[in-house]
>>> print(open('target-v3.csv').read())   # CSV, C-alpha atoms
chain,number,residue,atom,x,y,z
A,199,MET,CA,35.9,30.1,-39.6
A,200,ARG,CA,34.3,32.4,-37.1
A,201,MET,CA,31.6,29.8,-36.3
A,202,HIS,CA,34.2,27.1,-35.8
A,203,SER,CA,36.1,29.3,-33.3
A,204,HIS,CA,32.9,30.1,-31.5
A,205,ALA,CA,32.1,26.4,-31.2
A,206,LEU,CA,35.5,25.7,-29.8
A,207,PHE,CA,35.1,28.5,-27.2
A,208,VAL,CA,31.7,27.1,-26.1
A,209,LEU,CA,33.1,23.6,-25.7
A,210,LEU,CA,36.1,24.9,-23.7
A,211,LEU,CA,33.9,26.9,-21.4
A,212,CYS,CA,31.6,24.0,-20.8
A,213,SER,CA,34.5,21.7,-19.9
A,214,LEU,CA,35.8,24.2,-17.4
A,215,LEU,CA,32.4,24.6,-15.7
A,216,VAL,CA,31.9,20.8,-15.5
A,217,GLY,CA,35.4,20.3,-14.1
A,218,ALA,CA,34.9,23.0,-11.4
A,219,ALA,CA,31.5,21.5,-10.5
A,220,THR,CA,32.9,18.0,-10.1
A,221,ALA,CA,36.0,19.2,-8.1
A,222,GLU,CA,34.0,21.3,-5.6
A,223,PRO,CA,32.6,18.5,-3.4
A,224,SER,CA,36.1,17.0,-2.6
A,225,ARG,CA,37.6,20.5,-2.0
A,226,GLU,CA,34.8,21.3,0.5
A,227,LEU,CA,35.4,18.1,2.3
A,228,THR,CA,39.1,18.7,2.9
A,229,TYR,CA,38.4,22.4,3.8
A,230,LYS,CA,36.0,21.6,6.7
A,231,ASP,CA,36.9,18.3,8.3
A,232,CYS,CA,40.0,17.3,10.2
A,233,HIS,CA,42.0,14.1,9.9
A,234,PRO,CA,40.3,11.2,11.9
A,235,ASP,CA,43.6,10.5,13.7
A,236,ASP,CA,43.7,14.1,15.0
A,237,LYS,CA,40.0,14.0,15.9
A,238,ALA,CA,40.6,10.9,18.0
A,239,VAL,CA,43.5,12.6,19.9
A,240,LEU,CA,41.4,15.7,20.6
A,241,LEU,CA,38.5,13.7,21.9
A,242,ALA,CA,40.8,11.9,24.4
A,243,PHE,CA,41.7,15.2,26.0
A,244,PRO,CA,40.5,15.9,29.6
A,245,ASP,CA,36.9,17.0,29.9
A,246,SER,CA,37.9,20.5,31.0
A,247,TRP,CA,39.6,20.9,27.6
A,248,SER,CA,37.0,19.2,25.4
A,249,SER,CA,33.6,19.8,27.0
A,250,SER,CA,32.6,22.2,24.3
A,251,TRP,CA,33.4,19.8,21.4
A,252,ALA,CA,30.6,17.6,20.0
A,253,PRO,CA,32.0,14.4,18.5
A,254,ASP,CA,29.5,14.5,15.6
A,255,THR,CA,30.7,18.0,14.4
A,256,LEU,CA,33.6,19.0,12.3
A,257,CYS,CA,36.7,19.3,14.5
A,258,CYS,CA,38.3,22.1,12.5
A,259,ASP,CA,35.4,24.3,13.7
A,260,TRP,CA,36.0,23.4,17.4
A,261,PHE,CA,37.2,26.0,19.9
A,262,ALA,CA,41.0,26.3,20.2
A,263,VAL,CA,41.6,24.1,17.1
A,264,ALA,CA,43.2,25.3,13.8
A,265,CYS,CA,43.6,23.1,10.8
A,266,ASP,CA,45.5,23.2,7.6
A,267,ARG,CA,42.6,23.6,5.2
A,268,SER,CA,44.2,21.6,2.4
A,269,THR,CA,45.1,18.5,4.4
A,270,GLY,CA,42.7,18.6,7.4
A,271,ARG,CA,45.6,18.1,9.8
A,272,VAL,CA,45.5,20.0,13.1
A,273,VAL,CA,48.3,22.6,13.0
A,274,GLY,CA,47.4,24.9,15.9
A,275,PHE,CA,45.9,24.7,19.4
A,276,SER,CA,45.4,28.0,21.2
A,277,VAL,CA,43.6,28.9,24.5
A,278,PHE,CA,43.8,32.4,26.0
A,279,GLN,CA,42.4,33.8,29.3
A,280,ASP,CA,39.9,31.0,30.1
A,281,PRO,CA,39.5,30.5,33.9
A,282,SER,CA,37.5,27.3,33.2
A,283,PHE,CA,40.4,25.7,31.5
A,284,THR,CA,41.9,23.5,34.2
A,285,GLY,CA,43.8,20.3,34.8
A,286,THR,CA,47.2,19.3,33.5
A,287,ILE,CA,48.6,19.2,30.0
A,288,PRO,CA,48.0,15.7,28.6
A,289,SER,CA,50.9,13.7,27.2
A,290,THR,CA,48.6,12.5,24.5
A,291,ILE,CA,48.9,16.0,22.9
A,292,ALA,CA,52.0,14.4,21.2
A,293,GLY,CA,49.6,12.6,19.0
A,294,LEU,CA,48.9,15.8,17.1
A,295,THR,CA,51.9,15.1,14.9
A,296,HIS,CA,51.4,18.0,12.5
A,297,LEU,CA,51.0,20.6,15.3
A,298,GLU,CA,53.0,23.8,14.5
A,299,ASP,CA,51.7,26.3,17.1
A,300,LEU,CA,50.8,25.6,20.7
A,301,PHE,CA,49.6,28.5,22.8
A,302,LEU,CA,48.3,28.2,26.4
A,303,HIS,CA,48.3,31.7,27.9
A,304,HIS,CA,46.9,33.2,31.1
A,305,LEU,CA,45.2,30.0,32.3
A,306,PRO,CA,45.5,30.1,36.1
A,307,GLY,CA,43.8,26.7,36.4
A,308,LEU,CA,46.4,24.9,34.4
A,309,SER,CA,48.8,23.0,36.6
A,310,GLY,CA,51.2,20.1,36.8
A,311,PRO,CA,54.4,19.6,34.8
A,312,ILE,CA,55.0,20.2,31.1
A,313,PRO,CA,55.0,16.7,29.7
A,314,PRO,CA,58.2,15.6,28.0
A,315,ALA,CA,56.1,14.1,25.3
A,316,ILE,CA,55.8,17.6,23.8
A,317,GLY,CA,59.3,17.0,22.5
A,318,LYS,CA,57.8,14.5,20.0
A,319,LEU,CA,56.0,17.3,18.2
A,320,ALA,CA,58.6,17.5,15.4
A,321,ASN,CA,56.7,20.2,13.4
A,322,LEU,CA,56.3,22.6,16.3
A,323,SER,CA,57.7,26.0,15.5
A,324,ARG,CA,56.1,28.1,18.3
A,325,LEU,CA,55.4,27.0,21.9
A,326,GLU,CA,54.0,29.3,24.5
A,327,ILE,CA,52.8,28.1,28.0
A,328,SER,CA,52.7,31.3,30.0
A,329,TRP,CA,50.9,32.9,33.0
A,330,THR,CA,49.7,29.5,34.3
A,331,GLY,CA,50.2,27.3,37.4
A,332,VAL,CA,52.5,24.9,35.5
A,333,SER,CA,55.4,23.7,37.7
A,334,GLY,CA,58.3,21.3,37.6
A,335,PRO,CA,61.4,21.4,35.3
A,336,VAL,CA,61.8,22.7,31.8
A,337,PRO,CA,61.8,19.4,29.8
A,338,SER,CA,65.1,18.8,28.1
A,339,SER,CA,63.1,17.0,25.4
A,340,LEU,CA,62.1,20.4,24.0
A,341,GLY,CA,65.7,20.6,22.6
A,342,LYS,CA,64.6,17.9,20.1
A,343,LEU,CA,62.3,20.3,18.4
A,344,LYS,CA,64.5,21.3,15.5
A,345,LYS,CA,61.9,23.6,13.9
A,346,LEU,CA,61.1,25.4,17.2
A,347,THR,CA,62.0,29.1,16.8
A,348,GLN,CA,60.0,30.7,19.7
A,349,LEU,CA,59.7,29.3,23.2
A,350,ASP,CA,57.8,31.2,25.9
A,351,LEU,CA,57.5,29.6,29.3
A,352,SER,CA,57.2,32.9,31.3
A,353,PHE,CA,55.2,33.6,34.4
A,354,ASN,CA,54.9,30.0,35.7
A,355,SER,CA,56.3,28.1,38.6
A,356,LEU,CA,59.0,26.2,36.8
A,357,SER,CA,62.1,25.2,38.8
A,358,GLY,CA,65.4,23.5,38.3
A,359,ALA,CA,68.1,24.3,35.8
A,360,ILE,CA,67.9,25.6,32.3
A,361,PRO,CA,68.5,22.5,30.0
A,362,VAL,CA,71.5,22.8,27.8
A,363,SER,CA,69.5,21.0,25.1
A,364,LEU,CA,67.8,24.4,24.3
A,365,ARG,CA,71.0,25.6,22.6
A,366,THR,CA,69.5,25.8,19.1
A,367,ILE,CA,66.4,27.8,19.8
A,368,PRO,CA,66.8,31.5,18.8
A,369,GLY,CA,63.9,32.9,20.7
A,370,ILE,CA,63.6,32.0,24.4
A,371,THR,CA,61.6,33.6,27.2
A,372,LEU,CA,61.8,31.9,30.6
A,373,SER,CA,61.2,35.0,32.8
A,374,ARG,CA,59.3,35.0,36.1
A,375,ASN,CA,59.9,31.4,37.2
A,376,ARG,CA,62.0,29.8,39.9
A,377,LEU,CA,64.8,28.5,37.8
A,378,SER,CA,68.2,28.1,39.5
A,379,GLY,CA,71.8,27.2,39.0
A,380,ALA,CA,74.2,28.5,36.4
A,381,ILE,CA,73.4,29.2,32.7
A,382,PRO,CA,74.8,26.2,30.9
A,383,GLN,CA,78.1,26.8,29.2
A,384,MET,CA,76.9,25.5,25.8
A,385,PHE,CA,73.6,27.3,26.0
A,386,LEU,CA,72.7,28.9,22.6
A,387,SER,CA,76.1,27.7,21.3
A,388,GLU,CA,74.5,26.4,18.1
A,389,SER,CA,72.7,29.7,17.2
A,390,ALA,CA,75.4,31.0,14.9
A,391,GLY,CA,74.1,33.2,12.1
A,392,GLN,CA,70.7,33.8,13.8
A,393,ASP,CA,69.4,36.8,15.6
A,394,VAL,CA,68.8,35.7,19.2
A,395,TYR,CA,66.2,36.8,21.8
A,396,LEU,CA,66.7,35.7,25.4
A,397,ASP,CA,64.8,36.7,28.5
A,398,VAL,CA,65.6,34.7,31.7
A,399,SER,CA,64.9,37.6,34.1
A,400,HIS,CA,63.3,37.3,37.5
A,401,ASN,CA,64.7,33.8,38.4
A,402,ASN,CA,67.3,32.5,40.8
A,403,LEU,CA,70.1,32.0,38.4
A,404,THR,CA,73.7,32.2,39.8
A,405,GLY,CA,77.3,32.1,38.6
A,406,ALA,CA,79.0,33.6,35.6
A,407,ILE,CA,77.5,33.9,32.2
A,408,PRO,CA,78.9,31.6,29.5
A,409,ALA,CA,82.0,32.9,27.7
A,410,ALA,CA,80.4,31.7,24.5
A,411,PHE,CA,77.7,34.5,24.9
A,412,ALA,CA,80.3,36.9,23.5
A,413,ALA,CA,79.8,35.2,20.1
A,414,VAL,CA,76.0,35.0,20.2
A,415,ASN,CA,74.2,37.5,18.0
A,416,PHE,CA,71.8,38.8,20.6
A,417,THR,CA,69.2,41.4,19.6
A,418,HIS,CA,67.4,41.3,22.9
A,419,LEU,CA,69.0,40.1,26.2
A,420,ASP,CA,67.4,40.3,29.6
A,421,LEU,CA,69.3,38.7,32.5
A,422,SER,CA,67.9,41.1,35.2
A,423,ARG,CA,66.9,40.1,38.8
A,424,ASN,CA,69.0,37.1,39.3
A,425,GLY,CA,72.2,36.4,41.2
A,426,LEU,CA,74.6,36.4,38.3
A,427,THR,CA,78.3,37.3,38.8
A,428,GLY,CA,81.5,38.1,37.0
A,429,ASP,CA,82.4,39.8,33.7
A,430,ALA,CA,79.7,40.7,31.2
A,431,SER,CA,81.7,43.1,29.1
A,432,GLY,CA,82.0,40.5,26.3
A,433,LEU,CA,78.3,41.1,25.5
A,434,PHE,CA,79.1,44.5,24.1
A,435,GLY,CA,81.0,45.5,21.0
A,436,ARG,CA,80.9,47.5,17.8
A,437,GLY,CA,79.0,46.0,15.0
A,438,LYS,CA,76.8,43.8,17.2
A,439,GLU,CA,73.0,43.7,16.6
A,440,LEU,CA,72.2,44.2,20.2
A,441,GLN,CA,69.3,46.6,20.7
A,442,TYR,CA,68.0,45.8,24.2
A,443,ILE,CA,70.1,44.7,27.2
A,444,ASP,CA,69.1,44.5,30.9
A,445,LEU,CA,71.7,43.2,33.4
A,446,SER,CA,70.2,45.0,36.4
A,447,ARG,CA,70.0,43.6,39.9
A,448,ASN,CA,72.7,41.1,39.7
A,449,ALA,CA,76.3,41.1,41.0
A,450,PHE,CA,78.2,41.7,37.8
A,451,ASP,CA,81.7,43.1,38.4
A,452,PHE,CA,83.6,44.5,35.4
A,453,ASP,CA,85.3,47.7,34.1
A,454,LEU,CA,82.8,49.7,32.0
A,455,SER,CA,85.4,52.0,30.6
A,456,GLY,CA,88.0,51.3,28.0
A,457,VAL,CA,87.1,47.9,26.6
A,458,VAL,CA,83.3,48.3,26.5
A,459,VAL,CA,82.1,49.6,23.1
A,460,LEU,CA,78.3,50.1,23.0
A,461,PRO,CA,76.5,48.7,19.9
A,462,GLU,CA,75.3,51.3,17.5
A,463,LYS,CA,71.7,50.0,17.4
A,464,LEU,CA,71.2,50.0,21.2
A,465,PHE,CA,68.1,51.7,22.5
A,466,HIS,CA,67.8,50.2,26.0
A,467,LEU,CA,70.7,49.7,28.5
A,468,ASP,CA,70.1,49.0,32.2
A,469,LEU,CA,73.2,48.1,34.3
A,470,SER,CA,71.8,49.3,37.6
A,471,HIS,CA,72.3,47.5,40.9
A,472,ASN,CA,75.5,45.7,40.2
A,473,ALA,CA,79.2,46.2,41.2
A,474,ILE,CA,80.4,47.7,37.9
A,475,HIS,CA,83.4,50.0,38.1
A,476,GLY,CA,85.4,52.3,35.9
A,477,SER,CA,83.8,55.2,34.1
A,478,ILE,CA,80.9,55.7,31.6
A,479,PRO,CA,82.3,55.4,28.1
A,480,ALA,CA,82.3,58.8,26.3
A,481,GLN,CA,81.0,57.0,23.2
A,482,VAL,CA,77.6,56.7,24.9
A,483,VAL,CA,76.7,60.2,23.5
A,484,ASP,CA,77.0,58.8,19.9
A,485,VAL,CA,74.4,56.0,20.4
A,486,ALA,CA,71.7,58.0,18.7
A,487,ASN,CA,68.7,55.7,19.5
A,488,LEU,CA,69.4,55.3,23.2
A,489,LEU,CA,66.1,55.9,25.0
A,490,ALA,CA,66.8,54.1,28.3
A,491,PHE,CA,70.1,54.3,30.1
A,492,ASN,CA,70.6,53.4,33.8
A,493,VAL,CA,73.9,52.8,35.6
A,494,SER,CA,72.7,53.7,39.1
A,495,TYR,CA,73.8,51.7,42.2
A,496,ASN,CA,77.2,50.7,41.0
A,497,ARG,CA,80.8,51.8,41.7
A,498,LEU,CA,81.4,54.1,38.8
A,499,CYS,CA,83.6,57.2,38.9
A,500,GLY,CA,84.4,60.2,36.8
A,501,PRO,CA,82.3,62.7,34.9
A,502,VAL,CA,79.0,61.9,33.3
A,503,PRO,CA,79.3,62.4,29.5
A,504,THR,CA,77.4,65.4,28.2
A,505,GLY,CA,75.7,66.4,25.0
A,506,ARG,CA,73.4,64.8,22.4
A,507,ASN,CA,71.3,62.0,23.8
A,508,MET,CA,72.4,62.5,27.4
A,509,ALA,CA,69.9,65.3,27.9
A,510,ARG,CA,67.3,62.6,28.1
A,511,PHE,CA,68.5,61.2,31.4
A,512,ASP,CA,68.2,62.6,34.9
A,513,LEU,CA,69.6,62.0,38.4
A,514,TYR,CA,67.7,58.7,38.7
A,515,ASN,CA,69.9,57.1,36.0
A,516,PHE,CA,73.2,57.9,37.7
A,517,GLN,CA,72.6,58.0,41.5
A,518,HIS,CA,74.4,56.0,44.1
A,519,ASN,CA,77.7,55.4,42.5
A,520,LYS,CA,81.2,55.7,44.1
A,521,CYS,CA,82.3,59.0,42.6
A,522,LEU,CA,80.3,59.9,39.4
A,523,CYS,CA,80.0,63.6,39.0
A,524,GLY,CA,78.8,66.3,36.7
A,525,ALA,CA,75.3,67.2,35.6
A,526,PRO,CA,72.8,65.9,36.6
A,527,LEU,CA,74.9,65.0,39.6
A,528,PRO,CA,76.9,67.5,41.7
A,529,PRO,CA,79.9,69.1,39.9
A,530,CYS,CA,83.2,67.3,39.7
A,531,LYS,CA,85.8,68.5,42.1
A,532,LYS,CA,88.8,70.3,40.6
>>> encode(input="target-v3.csv", output="structure tokens")
Amino acid sequence: MRMHSHALFVLLLCSLLVGAATAEPSRELTYKDCHPDDKAVLLAFPDSWSSSWAPDTLCCDWFAVACDRSTGRVVGFSVFQDPSFTGTIPSTIAGLTHLEDLFLHHLPGLSGPIPPAIGKLANLSRLEISWTGVSGPVPSSLGKLKKLTQLDLSFNSLSGAIPVSLRTIPGITLSRNRLSGAIPQMFLSESAGQDVYLDVSHNNLTGAIPAAFAAVNFTHLDLSRNGLTGDASGLFGRGKELQYIDLSRNAFDFDLSGVVVLPEKLFHLDLSHNAIHGSIPAQVVDVANLLAFNVSYNRLCGPVPTGRNMARFDLYNFQHNKCLCGAPLPPCKK
């Protein structure tokens, strides 16, 4: 009986070894090489993008290219801080139909528009084109990318309006461009249930913010250094997830006292250089994690709240208001 068991074990071990040996070549092939369709798309890229690629080599090993090792499809294309990387973004990039991540960062030689064809990359989840010479409008076709969760087009020369089609993307950075006009009323209107990150600072945006923003679950919101106007009090409220908000250097005009309740998780609040009136809510002292707080250059009045976290802030945070008083400002008049 023992010999019979031993023989079965040997036979089983041999079959496993033979199976592994026969499976290995095919696994190696899919692990190293990329799909021929993707290779053809890559080789059609401009010379400044593809000069380091040899057609007779495995394209999954090429500079900037990342593959799914089980399928051989190109799922990532990333270039960072390469001054020799020049020209325009080719529309043929839409041929990389399995692309999930596209990163073009700190490439001063990259110019021209963002091709609308990028909106055909249905599997794209993260898109970054930042710190480049790219110009022209933000393509509305990017709104077709239903899997896109992170869009960063910051530090470029993009112009025109923000497309309302971007309303479903929960993470958007469009800062440091030349965007103009009003923020679309339906912008981010389909982000219900998601934590939203929005940075449109340092542009030329004007008008009031959408009323629907009051219902958006922002965690990070930066509208600073634009020409925005009107009431922004709806952005605040007890129970909101807001942690970072910068409304500075606009023309917002609303009453900070009374109706404004600061979210409990807030750690950064900059309202400076606006036309905000009323008084500082006494509740500010209870926002335990508040590390940055600036209400300077407004029209606020009344005493500066004292105690707890307020000891962190000095004259700079309160100066140039209509009639704020109390430490660190001059004493209030009796």
>>> residues_around(input="target-v3.csv", residues="stretch 421-427 of chain A", least_positions_apart="2", cutoff="10 Å", atoms="all atoms listed in the file", output="tab-separated table (two decimals) with C-alpha atoms, in the coordinates of the input")
chain	number	residue	atom	x	y	z
A	373	SER	CA	61.20	35.00	32.80
A	374	ARG	CA	59.30	35.00	36.10
A	377	LEU	CA	64.80	28.50	37.80
A	378	SER	CA	68.20	28.10	39.50
A	379	GLY	CA	71.80	27.20	39.00
A	380	ALA	CA	74.20	28.50	36.40
A	381	ILE	CA	73.40	29.20	32.70
A	396	LEU	CA	66.70	35.70	25.40
A	397	ASP	CA	64.80	36.70	28.50
A	398	VAL	CA	65.60	34.70	31.70
A	399	SER	CA	64.90	37.60	34.10
A	400	HIS	CA	63.30	37.30	37.50
A	401	ASN	CA	64.70	33.80	38.40
A	402	ASN	CA	67.30	32.50	40.80
A	403	LEU	CA	70.10	32.00	38.40
A	404	THR	CA	73.70	32.20	39.80
A	405	GLY	CA	77.30	32.10	38.60
A	406	ALA	CA	79.00	33.60	35.60
A	407	ILE	CA	77.50	33.90	32.20
A	419	LEU	CA	69.00	40.10	26.20
A	429	ASP	CA	82.40	39.80	33.70
A	430	ALA	CA	79.70	40.70	31.20
A	443	ILE	CA	70.10	44.70	27.20
A	444	ASP	CA	69.10	44.50	30.90
A	445	LEU	CA	71.70	43.20	33.40
A	446	SER	CA	70.20	45.00	36.40
A	447	ARG	CA	70.00	43.60	39.90
A	448	ASN	CA	72.70	41.10	39.70
A	449	ALA	CA	76.30	41.10	41.00
A	450	PHE	CA	78.20	41.70	37.80
A	451	ASP	CA	81.70	43.10	38.40
A	452	PHE	CA	83.60	44.50	35.40
A	468	ASP	CA	70.10	49.00	32.20
A	469	LEU	CA	73.20	48.10	34.30
A	470	SER	CA	71.80	49.30	37.60
A	471	HIS	CA	72.30	47.50	40.90
A	472	ASN	CA	75.50	45.70	40.20
A	473	ALA	CA	79.20	46.20	41.20
>>> atom_distance(input="target-v3.csv", atom1="atom CA of A:Val273", atom2="atom CA of A:Cys232")
10.2 Å
>>> residues_around(input="target-v3.csv", residues="A:Lys342", least_positions_apart="3", cutoff="10 Å", atoms="all atoms listed in the file", output="ChimeraX atom specification")
/A:316-320,338-339,345-346,363-364,366
>>> atom_distance(input="target-v3.csv", atom1="atom CA of A:Gln383", atom2="atom CA of A:Ala410")
7.2 Å
>>> residues_near_point(input="target-v3.csv", point="(42.9, 11.8, 13.2)", cutoff="10 Å", atoms="all atoms listed in the file", output="PDB file with C-alpha atoms, in the coordinates of the input")
ATOM      1  CA  CYS A 232      40.000  17.300  10.200  1.00  0.00           C
ATOM      2  CA  HIS A 233      42.000  14.100   9.900  1.00  0.00           C
ATOM      3  CA  PRO A 234      40.300  11.200  11.900  1.00  0.00           C
ATOM      4  CA  ASP A 235      43.600  10.500  13.700  1.00  0.00           C
ATOM      5  CA  ASP A 236      43.700  14.100  15.000  1.00  0.00           C
ATOM      6  CA  LYS A 237      40.000  14.000  15.900  1.00  0.00           C
ATOM      7  CA  ALA A 238      40.600  10.900  18.000  1.00  0.00           C
ATOM      8  CA  VAL A 239      43.500  12.600  19.900  1.00  0.00           C
ATOM      9  CA  LEU A 240      41.400  15.700  20.600  1.00  0.00           C
ATOM     10  CA  LEU A 241      38.500  13.700  21.900  1.00  0.00           C
ATOM     11  CA  CYS A 257      36.700  19.300  14.500  1.00  0.00           C
ATOM     12  CA  GLY A 270      42.700  18.600   7.400  1.00  0.00           C
ATOM     13  CA  ARG A 271      45.600  18.100   9.800  1.00  0.00           C
ATOM     14  CA  VAL A 272      45.500  20.000  13.100  1.00  0.00           C
ATOM     15  CA  GLY A 293      49.600  12.600  19.000  1.00  0.00           C
ATOM     16  CA  LEU A 294      48.900  15.800  17.100  1.00  0.00           C
ATOM     17  CA  THR A 295      51.900  15.100  14.900  1.00  0.00           C
TER      18      THR A 295
END
>>> residues_around(input="target-v3.csv", residues="stretch 482-485 of chain A", least_positions_apart="6", cutoff="9 Å", atoms="only C-alpha atoms", output="list in words")
Val459, Leu460, Pro461, Glu462, Lys463, Leu464, Phe465, Pro503, Thr504, Gly505, Arg506, Asn507 and Met508 of chain A
>>> write_last_selection(input="target-v3.csv", atoms="C-alpha atoms", output="compact mmCIF listing (two decimals), in the frame of the given file")
# COMPACT_ATOMS: atom_id res chain seq x y z
CA VAL A 459 82.10 49.60 23.10
CA LEU A 460 78.30 50.10 23.00
CA PRO A 461 76.50 48.70 19.90
CA GLU A 462 75.30 51.30 17.50
CA LYS A 463 71.70 50.00 17.40
CA LEU A 464 71.20 50.00 21.20
CA PHE A 465 68.10 51.70 22.50
CA PRO A 503 79.30 62.40 29.50
CA THR A 504 77.40 65.40 28.20
CA GLY A 505 75.70 66.40 25.00
CA ARG A 506 73.40 64.80 22.40
CA ASN A 507 71.30 62.00 23.80
CA MET A 508 72.40 62.50 27.40
>>> atom_distance(input="target-v3.csv", atom1="atom CA of A:Ser477", atom2="atom CA of A:Val414")
25.7 Å
>>> closest_residue(input="target-v3.csv", among="A:Ala359, A:Leu454, A:Leu349, A:Leu297", to="A:Pro335", atoms="all atoms listed in the file")
A:Ala359
>>> residues_around(input="target-v3.csv", residues="A:Val263", least_positions_apart="6", cutoff="7 Å", atoms="only C-alpha atoms", output="mmCIF file with C-alpha atoms, in the frame of the given file")
data_model
loop_
_atom_site.group_PDB
_atom_site.id
_atom_site.type_symbol
_atom_site.label_atom_id
_atom_site.label_comp_id
_atom_site.auth_asym_id
_atom_site.auth_seq_id
_atom_site.Cartn_x
_atom_site.Cartn_y
_atom_site.Cartn_z
ATOM 1 C CA VAL A 272 45.500 20.000 13.100
ATOM 2 C CA GLY A 274 47.400 24.900 15.900
ATOM 3 C CA PHE A 275 45.900 24.700 19.400
ATOM 4 C CA SER A 276 45.400 28.000 21.200
#
